[in-house]
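Engineer: The structure's right below; bear with me while I get my questions together.
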Amino acid sequence: MTQSIPPEGPHSPGGTSPAEDDDATLVTVAERPTEPAAAVLVNILADAGIRAVAVGGFTAGFAAEAPGWVQVKTFERDADKARQIIAQIKPEPSDFE
């Protein structure tokens, strides 16, 4: 299953059109064991103006307990800033259990 980051609106802070982003590379900037924990990061990054997506929630929560982590991905051009923001977040103990 392929996930994509929704296109920015016409008044996007990035100043790029959605067509320019279609060919951009997504990179993993963090991993969390659950989809809700990854969604928190996606929302924090969105508040900072960085578009992100959580990928792998289905396999992380698979009924057969298949090992898997939910990846938080951003466009490559935003990865360094995203990692800096994530590094400042104090993880809750339940995020890594």
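Residue numbering restarts at 1 for every chain of the structure tokens, chains are lettered A, B, ... in their displayed order, and ligands are numbered from 1 as they appear.
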Which residues come within 9 Å of segment 71-74 of chain A, counting only C-alpha atoms, excluding same-chain residues fewer than 3 positions away, as a list in words?
Structural biologist: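 Listing them by chain and then by number gives Ile5, Thr25, Leu26, Val27, Thr28, Val29, Ala30, Glu31, Arg32, Pro33, Glu35, Ala38, Ala39, Leu41, Val42, Ile50, Arg51, Ala52, Val53, Ala54, Val55, Gly56, Gly57, Arg77, Asp78, Ala79 and Ala82 of chain A.
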Engineer: Could you please determine the separation between atom CA of Val70 of chain A and atom CA of Thr34 of chain A in Å, to one decimal place?
Structural biologist: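 Atom CA of Thr34 of chain A lies 6.1 Å from atom CA of Val70 of chain A.
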Engineer: Could you please determine the separation between atom CA of Ala37 of chain A and atom CA of Trp69 of chain A in Å, to one decimal place?
Structural biologist: 10.4 Å
Engineer: How many Å lie between atom CA of Asp80 of chain A and atom CA of Asn43 of chain A, rounded to one decimal?
Structural biologist: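 Computing the Euclidean distance for atom CA of Asp80 of chain A and atom CA of Asn43 of chain A yields 16.9 Å.
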Engineer: Which of these residues is nearest to Ile89 of chain A, using only C-alpha atoms: A:Ala24, A:Pro36, A:Phe75, A:Ile44?
Structural biologist: A:Ile44
